[in-house]
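Below is one structure, written out as structure tokens; comments come after it.
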Amino acid sequence: MEREGTSVRLAGEQPIIADAQTVGRSQVEDFLYYEAHLLDRWLLNEWLELFDEDAVYLVPSTDNPHGNPDLELFLITDDMAILRARVKRLMSDNAHRESPHSLTRRFVTNVLVTRAEASQIEVTASFLVYRTRAGTTDFYVGHYENTLRISNGRLRFAVRKAVLDMEALRPAGTLSIIL
Amino acid sequence: MKVLTGTHYYSTRANWKLLPVNVIDGSHFMPTHITYLEHLKDRGSDVSSAIRDYNETDLGNGHTVYEYEASWGRPLAKPDKSWGEEVNAQIGQLRRRLAERLGEERADRIARKNRNLVIFPNLVINDIVGITIRVAEPTAIDYMEVTAWELAPVDEPPEVMKVRNSNFLTFLGPAGLATPDDIEGMEASQRAFAAYREVPWANFSKGMALSLGTHYAPGESDANMRTYWRHWRKLMSEHQSQACA
């Protein structure tokens with residue numbers, strides 16, 4: 001059984017990628033599935049390694065999916081400093097909403113490379129995330145609008161944006177896990 | 001002032017009155033928001049005091065406000081070590097403009113102090129690291145729908161606005177580093193209320209000695225919660241006596 005805190009290595013090291021234009025969908029899928037694997041096992045410090053230093057993690061408000069994160073109200077607009085604080089919090093015993101951690105299972109599908117240039121790759125994908133804790137199972141459904149980069153030959157997040165296809169954070173009530 | 005585009009629509013599996021009561025309860029801050037304080041400390045803010053220079057006011061008809069200073073900054077208008085010189089200089093300018101317009105005493109109160117305001121029965125305005133307007137609407141005895149907006153000055157420089165937005169979301173909102181733990185507390189309380197036949201009372205007696213002239217520590221009084229619940233009881237008993245008549 002898969003458990004929190006344990007990780008499988010992906011079969012072999014991923015090949016070094018020289019040029020973003022040569023990246024295919026299957027490589028992007030491997031990257032997103034590996035990410036989902038880390039998140040569902042609460043390996044959040046390992047998950048942080050998938051980000052470039054100037055990256056952002058965004059979740060828009062449900063009524064404003066195309067808004068401006070600097071001037072309008074989002075749910076999450078983390079730069080790497082705040083994302084590290086979020087992870088530190090979630091890995092401590094004092095994040096009451098996630099202590100003990102909830103069980104999560106995420107499904108990432110419909111992966112599309114929508115644009116590939118020399119420097120970056122734009123990717124969309126659908127997600128469905130179940131969160132179970134204290135006798136209740138909640139769900140989050142939406143899509144990713146991610147921008148990836150090649151950094152030292154590896155895929156890395158520059159923009160990781162999770163857009164909810166829901167009218168409200170109900171009945172889940174909070175977004176205390178990583179989406 | 002303006003309400004920003006974008007709305008937080010969320011919910012809590014608890015009775016709707018727990019939201020206003022959470023907001024005027026000073027005692028919950030330290031045990032509930034340890035991880036938020038750790039973040040402030042890590043980023044270099046002054047975290048020596050979450051609540052000082054404190055007073056709580058019964059505004060009549062169940063409305064209350066709880067006003068206090070925290071050692072860290074406010075976008076309007078108290079600098080914070082972690083926000084950098086450029087942003088702090090702009091906050092200093094906003095502070096000077098407040099004093100010119102409203103006088104030093106009022107400017108000091110606006111800029112330095114946080115306000116947790118409850119408009120009875122279900123409207124909350126928190127003027128803290130950001131300003132949020134929240135409404136709790138019951139759809140069942142143990143479930144509320146919450147709608148929250150962000151209020152901000154119209155003439156704020158974009159750099160300060162960015163700091164305001166980031167600080168708002170770091171604490172507030174259903175995906176912040178603090179509000180989810182408030183919600184966890186409300187839902188855990190609601191689960192415990194199922195035992196009301198065995199445990200029929202909740203204790204809100206802290207700080208009652210103040211009325212006898214005894215000193216109490218800031219943030220350790222339940223006075224505002226007593227104001228809220230007494231007004232609620234008054235309305236309910238009036239309703240009951242009308243129904244019986």
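Ordering of the structure tokens sets the chain letters (A, B, ...); residue numbers start at 1 within each chain; ligands are numbered from 1 in the order shown.
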
Using only C-alpha atoms, select each residue of chain B with any atom at most 7 Å away from an atom of chain A, and give the selection as a ChimeraX atom specification. /B:4-12,34-35,39,150,161-162,165-166,169,173-175,177,180-181,184

Could you tell me, as a PyMOL selection string, which residues of range 12-109 of chain A DSSP assigns to strand (DSSP E or B) when given the backbone? chain A and resi 51-60+74-79+103-109

Minimum-distance residue to Arg160 in chain A, chosen among A:Val141, A:Leu39, A:Ala55, A:Val28 (using only C-alpha atoms):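 Ranked by minimum distance to Arg160 in chain A, first place goes to A:Ala55.
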
Surrounding residues of Phe29 in chain B excluding itself and chain neighbours under 6 positions, 10 Å, only C-alpha atoms, as an NGL selection string: :B and (22-23 or 36-37 or 50-51 or 178 or 182 or 219)

Dump all heavy atoms for the selected residues as a PDB file, in the first residue's frame?
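Written out: again_7.pdb:
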```
ATOM      1  N   ASN B  22     -15.828  33.846  16.575  1.00  0.00           N
ATOM      2  CA  ASN B  22     -14.393  33.619  16.356  1.00  0.00           C
ATOM      3  C   ASN B  22     -13.651  34.946  16.191  1.00  0.00           C
ATOM      4  O   ASN B  22     -12.554  35.144  16.713  1.00  0.00           O
ATOM      5  CB  ASN B  22     -14.209  32.732  15.113  1.00  0.00           C
ATOM      6  CG  ASN B  22     -12.774  32.713  14.592  1.00  0.00           C
ATOM      7  OD1 ASN B  22     -12.421  33.502  13.719  1.00  0.00           O
ATOM      8  ND2 ASN B  22     -11.950  31.848  15.129  1.00  0.00           N
ATOM      9  N   VAL B  23     -14.300  35.867  15.466  1.00  0.00           N
ATOM     10  CA  VAL B  23     -13.641  37.128  15.106  1.00  0.00           C
ATOM     11  C   VAL B  23     -13.409  38.020  16.331  1.00  0.00           C
ATOM     12  O   VAL B  23     -12.427  38.763  16.400  1.00  0.00           O
ATOM     13  CB  VAL B  23     -14.504  37.851  14.034  1.00  0.00           C
ATOM     14  CG1 VAL B  23     -14.124  39.307  13.893  1.00  0.00           C
ATOM     15  CG2 VAL B  23     -14.383  37.130  12.707  1.00  0.00           C
ATOM     16  N   TYR B  36       1.161  30.807  11.311  1.00  0.00           N
ATOM     17  CA  TYR B  36       1.197  32.150  10.716  1.00  0.00           C
ATOM     18  C   TYR B  36       2.264  32.995  11.403  1.00  0.00           C
ATOM     19  O   TYR B  36       3.049  33.683  10.736  1.00  0.00           O
ATOM     20  CB  TYR B  36      -0.173  32.816  10.836  1.00  0.00           C
ATOM     21  CG  TYR B  36      -0.194  34.214  10.271  1.00  0.00           C
ATOM     22  CD1 TYR B  36      -0.133  34.423   8.897  1.00  0.00           C
ATOM     23  CD2 TYR B  36      -0.228  35.332  11.111  1.00  0.00           C
ATOM     24  CE1 TYR B  36      -0.120  35.700   8.371  1.00  0.00           C
ATOM     25  CE2 TYR B  36      -0.222  36.618  10.583  1.00  0.00           C
ATOM     26  CZ  TYR B  36      -0.169  36.789   9.222  1.00  0.00           C
ATOM     27  OH  TYR B  36      -0.154  38.061   8.702  1.00  0.00           O
ATOM     28  N   LEU B  37       2.318  32.918  12.739  1.00  0.00           N
ATOM     29  CA  LEU B  37       3.342  33.678  13.472  1.00  0.00           C
ATOM     30  C   LEU B  37       4.745  33.216  13.092  1.00  0.00           C
ATOM     31  O   LEU B  37       5.660  34.028  12.974  1.00  0.00           O
ATOM     32  CB  LEU B  37       3.116  33.521  14.978  1.00  0.00           C
ATOM     33  CG  LEU B  37       1.936  34.333  15.512  1.00  0.00           C
ATOM     34  CD1 LEU B  37       1.559  33.889  16.910  1.00  0.00           C
ATOM     35  CD2 LEU B  37       2.265  35.825  15.502  1.00  0.00           C
ATOM     36  N   ALA B  50       1.196  39.931  19.652  1.00  0.00           N
ATOM     37  CA  ALA B  50       0.053  39.819  18.737  1.00  0.00           C
ATOM     38  C   ALA B  50      -1.056  40.794  19.128  1.00  0.00           C
ATOM     39  O   ALA B  50      -1.821  41.240  18.289  1.00  0.00           O
ATOM     40  CB  ALA B  50      -0.477  38.390  18.730  1.00  0.00           C
ATOM     41  N   ILE B  51      -1.147  41.101  20.420  1.00  0.00           N
ATOM     42  CA  ILE B  51      -2.233  41.939  20.917  1.00  0.00           C
ATOM     43  C   ILE B  51      -1.701  42.851  22.014  1.00  0.00           C
ATOM     44  O   ILE B  51      -1.232  42.377  23.045  1.00  0.00           O
ATOM     45  CB  ILE B  51      -3.385  41.068  21.494  1.00  0.00           C
ATOM     46  CG1 ILE B  51      -3.973  40.149  20.407  1.00  0.00           C
ATOM     47  CG2 ILE B  51      -4.470  41.945  22.108  1.00  0.00           C
ATOM     48  CD1 ILE B  51      -4.883  39.070  20.951  1.00  0.00           C
ATOM     49  N   ALA B 178      -3.900  30.973   7.711  1.00  0.00           N
ATOM     50  CA  ALA B 178      -4.503  31.114   9.041  1.00  0.00           C
ATOM     51  C   ALA B 178      -5.991  30.751   9.066  1.00  0.00           C
ATOM     52  O   ALA B 178      -6.430  29.960   9.902  1.00  0.00           O
ATOM     53  CB  ALA B 178      -4.299  32.538   9.549  1.00  0.00           C
ATOM     54  N   ASP B 182      -8.918  28.516  11.666  1.00  0.00           N
ATOM     55  CA  ASP B 182     -10.131  29.022  12.335  1.00  0.00           C
ATOM     56  C   ASP B 182     -11.313  28.123  12.003  1.00  0.00           C
ATOM     57  O   ASP B 182     -12.124  27.773  12.868  1.00  0.00           O
ATOM     58  CB  ASP B 182     -10.462  30.449  11.862  1.00  0.00           C
ATOM     59  CG  ASP B 182      -9.494  31.479  12.411  1.00  0.00           C
ATOM     60  OD1 ASP B 182      -9.253  31.466  13.617  1.00  0.00           O
ATOM     61  OD2 ASP B 182      -9.000  32.305  11.619  1.00  0.00           O
ATOM     62  N   GLY B 219      -6.436  40.784  25.473  1.00  0.00           N
ATOM     63  CA  GLY B 219      -6.800  39.635  24.655  1.00  0.00           C
ATOM     64  C   GLY B 219      -7.314  38.468  25.459  1.00  0.00           C
ATOM     65  O   GLY B 219      -7.514  37.388  24.935  1.00  0.00           O
TER      66      GLY B 219
END
```

Looking only at alpha helix (DSSP H) from DSSP on the backbone, list the matching residues of chain A as a ChimeraX atom specification. /A:25-40,44-48,80-90

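Every protein or nucleic acid residue with an atom no more than 8 Å from Arg230 in chain B, counting only C-alpha atoms and leaving out same-chain residues fewer than 4 positions away, appears here: Gly62, Arg226 and Lys234 of chain B.
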
Could you dump the residues just selected with N, CA, C and O atoms as an mmCIF file, in the first residue's frame?
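Saved the output as again-v2.cif:
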```cif
data_model
loop_
_atom_site.group_PDB
_atom_site.id
_atom_site.type_symbol
_atom_site.label_atom_id
_atom_site.label_comp_id
_atom_site.auth_asym_id
_atom_site.auth_seq_id
_atom_site.Cartn_x
_atom_site.Cartn_y
_atom_site.Cartn_z
ATOM 1 N N GLY B 62 -25.969 44.426 20.109
ATOM 2 C CA GLY B 62 -25.186 43.231 19.785
ATOM 3 C C GLY B 62 -23.945 43.493 18.944
ATOM 4 O O GLY B 62 -23.135 42.597 18.727
ATOM 5 N N ARG B 226 -19.712 37.900 25.267
ATOM 6 C CA ARG B 226 -20.877 38.015 26.169
ATOM 7 C C ARG B 226 -21.893 38.994 25.595
ATOM 8 O O ARG B 226 -23.106 38.758 25.634
ATOM 9 N N LYS B 234 -31.555 37.753 24.255
ATOM 10 C CA LYS B 234 -32.637 38.730 24.407
ATOM 11 C C LYS B 234 -33.624 38.612 23.236
ATOM 12 O O LYS B 234 -34.833 38.525 23.425
#
```

Residues near Trp72 in chain B, cut-off 12 Å, only C-alpha atoms, skip fewer than 3 positions along chain, as an mmCIF file with C-alpha atoms, in the first residue's frame:
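Dumped to out-v6.cif:
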```cif
data_model
loop_
_atom_site.group_PDB
_atom_site.id
_atom_site.type_symbol
_atom_site.label_atom_id
_atom_site.label_comp_id
_atom_site.auth_asym_id
_atom_site.auth_seq_id
_atom_site.Cartn_x
_atom_site.Cartn_y
_atom_site.Cartn_z
ATOM 1 C CA TYR B 36 1.197 32.150 10.716
ATOM 2 C CA LEU B 37 3.342 33.678 13.472
ATOM 3 C CA HIS B 39 5.916 32.700 8.897
ATOM 4 C CA LEU B 40 6.001 36.324 10.109
ATOM 5 C CA LYS B 41 9.065 35.542 12.214
ATOM 6 C CA ARG B 43 10.241 36.726 6.983
ATOM 7 C CA GLY B 44 11.757 39.109 9.559
ATOM 8 C CA SER B 45 8.685 40.835 11.003
ATOM 9 C CA ASP B 46 8.471 41.906 14.641
ATOM 10 C CA VAL B 47 6.347 39.215 16.338
ATOM 11 C CA SER B 48 6.929 40.329 19.933
ATOM 12 C CA SER B 49 3.224 40.963 20.512
ATOM 13 C CA ALA B 50 0.053 39.819 18.737
ATOM 14 C CA ILE B 51 -2.233 41.939 20.917
ATOM 15 C CA ARG B 52 -1.371 45.114 22.814
ATOM 16 C CA TYR B 68 -5.691 46.398 19.318
ATOM 17 C CA GLU B 69 -2.174 46.772 17.998
ATOM 18 C CA PRO B 75 -0.443 48.340 4.569
ATOM 19 C CA ALA B 77 -0.255 52.533 7.398
ATOM 20 C CA LYS B 78 2.396 50.939 9.580
ATOM 21 C CA PRO B 79 5.726 49.774 8.072
ATOM 22 C CA ASP B 80 7.007 46.222 8.456
ATOM 23 C CA LYS B 81 10.692 45.280 8.408
ATOM 24 C CA SER B 82 10.043 42.552 5.843
ATOM 25 C CA TRP B 83 8.435 44.819 3.223
ATOM 26 C CA ALA B 111 -2.703 53.342 11.004
ATOM 27 C CA ARG B 112 -1.467 51.460 14.070
ATOM 28 C CA LYS B 113 -4.518 49.567 15.245
ATOM 29 C CA ASN B 114 -6.356 46.508 13.983
ATOM 30 C CA ILE B 128 -5.953 43.783 9.937
ATOM 31 C CA VAL B 129 -3.084 43.022 7.478
ATOM 32 C CA ASN B 167 -0.553 39.919 3.147
#
```

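Of note, CA of Arg106 in chain B and CA of Val163 in chain B are spaced 23.6 Å apart.
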
Selection: 10 Å around Leu18 in chain B, only C-alpha atoms, excl. self and same-chain fewer than 2 positions, as an NGL selection string: :B and (12 or 14-16 or 20-23 or 122 or 136 or 144 or 182-183 or 185-187 or 189-190)

Saved selection, atoms kept: C-alpha atoms, as an mmCIF file, in the first residue's frame:
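Result saved to result.cif:
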```cif
data_model
loop_
_atom_site.group_PDB
_atom_site.id
_atom_site.type_symbol
_atom_site.label_atom_id
_atom_site.label_comp_id
_atom_site.auth_asym_id
_atom_site.auth_seq_id
_atom_site.Cartn_x
_atom_site.Cartn_y
_atom_site.Cartn_z
ATOM 1 C CA THR B 12 -18.064 25.938 7.090
ATOM 2 C CA ALA B 14 -20.662 24.765 11.769
ATOM 3 C CA ASN B 15 -23.409 26.989 13.099
ATOM 4 C CA TRP B 16 -23.192 30.442 11.480
ATOM 5 C CA PRO B 20 -18.685 36.313 14.372
ATOM 6 C CA VAL B 21 -17.753 34.795 17.725
ATOM 7 C CA ASN B 22 -14.393 33.619 16.356
ATOM 8 C CA VAL B 23 -13.641 37.128 15.106
ATOM 9 C CA ASN B 122 -23.667 37.995 10.747
ATOM 10 C CA ALA B 136 -22.141 34.184 7.166
ATOM 11 C CA MET B 144 -22.997 28.160 6.824
ATOM 12 C CA ASP B 182 -10.131 29.022 12.335
ATOM 13 C CA ILE B 183 -12.548 26.943 10.268
ATOM 14 C CA GLY B 185 -11.732 25.125 15.170
ATOM 15 C CA MET B 186 -15.340 26.012 14.315
ATOM 16 C CA GLU B 187 -16.026 22.585 12.819
ATOM 17 C CA SER B 189 -16.522 22.865 18.149
ATOM 18 C CA GLN B 190 -19.636 21.996 16.168
#
```

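Counting from CA of Ala125 in chain A, the distance to CA of Tyr144 in chain A is 5.2 Å.
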
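From CA of Thr124 in chain A back to CA of Asn146 in chain A, the distance works out to 6.3 Å.
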
Just want the 12 Å neighbourhood of Asn110 in chain A, counted on only C-alpha atoms, with same-chain residues fewer than 6 positions away dropped. Output as a CSV table (one decimal) with C-alpha atoms, in the first residue's frame.
```csv
chain,number,residue,atom,x,y,z
A,25,ARG,CA,3.3,15.3,-24.3
A,26,SER,CA,4.5,12.0,-22.7
A,28,VAL,CA,5.0,16.5,-19.7
A,29,GLU,CA,2.7,13.7,-18.4
A,32,LEU,CA,2.7,16.0,-13.9
A,123,VAL,CA,0.5,23.1,-20.7
A,124,THR,CA,-3.1,22.6,-19.8
A,125,ALA,CA,-4.6,19.6,-18.0
A,126,SER,CA,-7.7,18.6,-16.1
A,127,PHE,CA,-7.7,17.7,-12.4
A,128,LEU,CA,-10.0,16.1,-9.9
A,142,GLY,CA,-10.7,22.2,-12.4
A,143,HIS,CA,-7.8,22.6,-14.8
A,144,TYR,CA,-4.2,23.6,-14.8
```
